[in-house]
2 protein chains.
Amino acid sequence: MWAVCSRGDGAARPRVCRCRIPFFFFHSYTAMSPKITGELLRQLRQAMKNCKYFSEPIQAYIVPSGDAHQSEYIAPCDCRREFICGFNGSAGTAIVTEQYAAMWTDGRYFLQASQQMDNNWTLMKMGLKETPSQEDWLISVLPENSKVGVDPWIIAADQWKNMSKALASAGHSLVAVQDNLIDAVWTDRPKRPSTQLRTLGLEYTGLSWQDKITSLRAKMTERKISWFVATALDEIAWLFNLRGADIEYNPVFFAYTIVGMNTIRFFVDLKRLSDPILRDHLQLDSPSKPELSIQTFPYESVYTELQAICAALGPKDKVWICDKASCSLTQVIPKAQRTPIPYTPLCLAKAVKNASEIQGMKMAHIKDAVALCELFAWLEKEIPKGTVTEISAADKAEELRSQQKGFVGLSFPTISSVGPNGAIIHYRPLPETNRTLTMNEVYLIDSGAQYVDGTTDVTRTIHFGTPSAFEKECFTYVLKGHIAVSAAVFPNGTKGHLLDSFARAALWESGLDYLHGTGHGVGCFLNVHEGPCGISYKTFADEPLEAGMIVSDEPGYYEDGSFGIRLENVVLVVPAKPKYNYRNRGSLTFEPLTLVPIQVKMMNTEQLTQKERDWVNEYHRKCQEVVGAELERQGRKEALEWLVRETQPII
Amino acid sequence: MWAVCSRGDGAARPRVCRCRIPFFFFHSYTAMSPKITGELLRQLRQAMKNCKYFSEPIQAYIVPSGDAHQSEYIAPCDCRREFICGFNGSAGTAIVTEQYAAMWTDGRYFLQASQQMDNNWTLMKMGLKETPSQEDWLISVLPENSKVGVDPWIIAADQWKNMSKALASAGHSLVAVQDNLIDAVWTDRPKRPSTQLRTLGLEYTGLSWQDKITSLRAKMTERKISWFVATALDEIAWLFNLRGADIEYNPVFFAYTIVGMNTIRFFVDLKRLSDPILRDHLQLDSPSKPELSIQTFPYESVYTELQAICAALGPKDKVWICDKASCSLTQVIPKAQRTPIPYTPLCLAKAVKNASEIQGMKMAHIKDAVALCELFAWLEKEIPKGTVTEISAADKAEELRSQQKGFVGLSFPTISSVGPNGAIIHYRPLPETNRTLTMNEVYLIDSGAQYVDGTTDVTRTIHFGTPSAFEKECFTYVLKGHIAVSAAVFPNGTKGHLLDSFARAALWESGLDYLHGTGHGVGCFLNVHEGPCGISYKTFADEPLEAGMIVSDEPGYYEDGSFGIRLENVVLVVPAKPKYNYRNRGSLTFEPLTLVPIQVKMMNTEQLTQKERDWVNEYHRKCQEVVGAELERQGRKEALEWLVRETQPII
């Protein structure tokens, strides 16, 4: 899936992205009429004055996006900012004072937010010069010596630090309100999901959770760390070889884990642990070794357990916690003994896929390609009838994917867009915007699925009639960028952001560009966006690319009001063997996992270099060979014919 | 001049470079035998216990490189770290405790430092896993509750902050010792230079100092800043259109400036201000307007004057100071009123050259090319005689440059290196390493000069006989990289680091690389290295490239023990006019200012694309046209013949 960032203006300084995944991205919206919030705000302001929640009245309350795990996607029970203001985009922070209510979001959401919020709310347009920061705004509206409250579970430790410092410099203070005040006024708040947990065997994971614990402890020993606190849901799912369905599109479940050198504490809704297969998987009833015995605790008790652990720390004991973990858990650990890290050892280990995971990802991508070949063959037949819409095409894609073995669900909401809708970078078809696919407009589909063996994410841009010269020209630049990254050879130790400009060079040369990053890490039957690697012009703290990492390669071009183009493959980092080996560093390159033909009709092949043509032909040869065999096996004849036709060599 | 960084290993996090210029670079060394330091250390340790300097004994004393202006090059009186330990490389920090003496430097200097220091000193090899940081080492060797002293003028504010925090976390404290303890034991310390100041007229500067003050004040007004403290020597020289010769190769002079909305305070050795031309230039005796009246103060009184200014600050007054300014001056400003900035408005304004400066830089580069064409023609004749050495070639280059109008001096020590010496990235010829130029080895010369109208910096790599296939192959990759940067088209607002990989792609594809950045900002008759822009894989906080900025483009390849290749032009950022103009952002590209032929004999022209061949031919056409005319005018016939021969088109 594409990932879009608002490109900083010339004067902006590079900022390290605060979110776990170094990309902004979007949640789609469905409501177009504003939410009526007057009564809710009245109740919230009453709660702000109620000493039941905090020892003295607070003058402002901050409602960030996100959950206690700083997840990118969140469960309905955690959509508190949406509940209070009506705006349901992925990024936004609401702040309510005694007099005002304001909501900050970025350029992707100005229109949507203005439509979803009533006039109790002021929209704060981030990125515009005249828009104050949250800190500056608070300082300008608050009476002296104000208390600003926030739920310390929802705010990350580093964000707390910055906000707290800014407020203190103006004589105010940021205070932790333990009970969430939105929850206090949200009478019909949904329950926290507690879906069934799925165990994954060694054939998928390649490593038992016991081995993962052992290598985590080896890293702890190496850095003289006594305890590690895991709060990111995908890291916990990966560690224990478990999957859940608590958050849509993300096969994760609500849990915490604290690992010591001899103990493993697992915090989860205990009702989930009754399944004998699960108990056996976790060896809950008969641990093989004492140090691999998992102690289970209720999800909510992580705070008190961590307190107890910290109370017993020796003076030299150090505790690892991600600097993006919640303020609440972070501050339990005494500062002198806290070792914050930008990426946890689990995040780093998870990013480098082992042989079983790579094999699973390859299988998942072949199945995914089967579904897409079928979709495109079907679209070719159906579009002339004028009955296919963006929504029905997306539905068909899901239906075809769901026929594949091991299908679990989509990995993100399908972006299915025709003509001008393709140029809206955060588009998702809605009944009121739904366009019909025709022979006259470019069709862009960005979609992916969760299979039990892997996660997919692929974008293709297709014309079912005759593309215009400009559409072909732009498509060709995007293709050149895609190939430049995919075929790049680079030294071991290179960070992904150093490859970003390769994707843009051809567009830049013609004065064009795209305003989003080029690639993100992809999980293996896990989140479709994951750290710590990526390919972006943003100089976030990405980790160097390593053989076994999996990222997307997705340059694009968007002509406002007319069309959008994006070409996305998921690619595996693999060793390369160039002629020389400077300082024995070794070299890397990418192997495409996505095996879906790239439409030749959209290419100006004469604009391609011989090397680029060779790349296209070799890619299509592989698509035909690998996906063709699977289509054959599954007896999907029409799709096979389509594949063979679409993968003929270009000259 | 090239600029080399030790490339981080895979696990290293990106670090924002601390130095003003985002490159490590080197000073050459001449002493090969260690300095005897036993007695000096005894005296220093006595001073550490002497309450004359600090109210109680200090247990450790830090001696950083650098001067009170955080200059890259320093004057002899400021070479305190060299004085105490003997090591005279450009980067290194010495720390002396009651028992130990240790010196930290990076990989470029391990050999040199080990040769220059006696066994009172422990060499701390930075970048190796087993080497402790200064903080960790101090914490491991100090007795409880120790005081660690440092001269607050020499340490930058941001470095003080980090060190202070680390020491405090272990119960120690960092203390400012106002008198420098090295100076206290350095009996024959040279005087601070106070060379004659040179005024630059509008024909060179394009802007009067009065206009520069006015636009500085406009920026201050825009950001609601009451005072600006300038501490960087090149910024002060630029602001007042003055040049000095206090530091070798850098036409700067020791001074400070504090600018308020109605006052200008100038701190400089007052003896320098007796020259009537200078007094007139600065309007010292008859200022045109009261707010443009310069008040002069002795250099040393900046501290007390800034104190006086700060004592009179209103509660809303803010003071701008660079975050790399000295801790001493920074801490005079109350924290609440201090606005630290990574780059000052002067640094930013200075980087964007105006029409007069660009014209001057062009003229300087033409003269410089004349000298180099003569040098290469001369070398061609003389080398077969076997009498030319690295040193004599460098001397000849200087002699030829000095014949050009407006020559002031070299802009850095010439790197003149033959064969294996060319692969030593921080090489400078010394009598004991001096090699003879022959027909059998590659010759690399990186040199430049200060002219009154501009600063030059150019590297050419030449073979006077028949290069090997491998030498030609590598040269061709480097040339491809050079062209890829020079011919790149990119959107306005692009930061230089996004272009770095373009310079490496051809090398990477063959498994090769070079371990230094690709380009640095270049001053106009000022420092050859200047911020805030550059082209590097390091993600330092560089500012976006803008039309009028001037940077170097200098990829290379170094084969240890065999040869070195580097191709460096100084290039001007200019607007580009590609086919499209996405979002009206506009595009930029580079125009080479350096006009010295690139040796065709070293190229595998068949490895070049048509576009690359066209670039070479157009570049050589321009060299012939522009430099040829000047050689003609100066009657330098042999060099003209050489130029014409070396600029024949390639096919």
# chains A, B, ... in the order shown; residues from 1 in each chain; ligands from 1
>>> residues_around(residues="stretch 375-391 of chain B", least_positions_apart="3", cutoff="8 Å", atoms="only C-alpha atoms", output="VMD selection string")
chain B and resid 371 to 372 394 to 397 400 416 to 418 429 to 431 434 to 439 464 638 to 639 642
>>> closest_atom_pairs(of="chain B", to="chain A", cutoff="8 Å", atoms="only C-alpha atoms", output="Markdown table")
| residue | atom | partner | partner_atom | distance |
| --- | --- | --- | --- | --- |
| B:Asp9 | CA | A:Gly493 | CA | 6.4 |
| B:Gly10 | CA | A:Gly493 | CA | 4.3 |
| B:Ala11 | CA | A:Pro544 | CA | 7.5 |
| B:Arg13 | CA | A:Ala541 | CA | 6.9 |
| B:Pro14 | CA | A:Ala541 | CA | 6.4 |
| B:Ser169 | CA | A:Ala336 | CA | 7.1 |
| B:Ala336 | CA | A:Ser169 | CA | 7.3 |
| B:Ala488 | CA | A:Glu509 | CA | 7.2 |
| B:Val489 | CA | A:Glu509 | CA | 5.1 |
| B:Phe490 | CA | A:Trp508 | CA | 5.2 |
| B:Pro491 | CA | A:Trp508 | CA | 6.7 |
| B:Asn492 | CA | A:Gly10 | CA | 7.4 |
| B:Gly493 | CA | A:Gly10 | CA | 4.3 |
| B:Thr494 | CA | A:Gly10 | CA | 7.4 |
| B:Leu498 | CA | A:Ser501 | CA | 6.1 |
| B:Leu499 | CA | A:Ser501 | CA | 6.9 |
| B:Asp500 | CA | A:Leu498 | CA | 7.6 |
| B:Ser501 | CA | A:Leu498 | CA | 6.1 |
| B:Phe502 | CA | A:Phe502 | CA | 7.5 |
| B:Ala505 | CA | A:Phe490 | CA | 7.6 |
| B:Trp508 | CA | A:Phe490 | CA | 5.2 |
| B:Glu509 | CA | A:Val489 | CA | 5.1 |
| B:Ser510 | CA | A:Pro578 | CA | 5.0 |
| B:Gly511 | CA | A:Tyr580 | CA | 4.8 |
| B:Leu512 | CA | A:Tyr582 | CA | 5.1 |
| B:Asp513 | CA | A:Tyr582 | CA | 6.8 |
| B:Tyr537 | CA | A:Leu498 | CA | 6.9 |
| B:Thr539 | CA | A:Thr539 | CA | 6.4 |
| B:Ala541 | CA | A:Pro14 | CA | 6.5 |
| B:Glu543 | CA | A:Arg13 | CA | 7.4 |
| B:Pro544 | CA | A:Gly10 | CA | 6.0 |
| B:Lys577 | CA | A:Gly511 | CA | 7.8 |
| B:Pro578 | CA | A:Ser510 | CA | 5.0 |
| B:Lys579 | CA | A:Ser510 | CA | 5.2 |
| B:Tyr580 | CA | A:Gly511 | CA | 4.7 |
| B:Asn581 | CA | A:Gly511 | CA | 5.0 |
| B:Tyr582 | CA | A:Leu512 | CA | 5.1 |
| B:Gly586 | CA | A:Gly511 | CA | 7.4 |
| B:Ser587 | CA | A:Gly511 | CA | 6.4 |
>>> select_by_dssp(residues="stretch 32-179 of chain B", states="strand (DSSP E)", output="ChimeraX atom specification")
/B:60-63,93-97,101-105,122-125,147-150,173-176
>>> residues_around(residues="A:Ile366", least_positions_apart="6", cutoff="9 Å", atoms="only C-alpha atoms", output="list in words")
Leu593, Thr594, Leu595, Val596, Cys623, Val626, Val627 and Glu630 of chain A
>>> closest_residue(among="A:Glu39, A:Glu357, A:Glu591, A:Asp280", to="A:Gly206", atoms="only C-alpha atoms")
A:Glu357
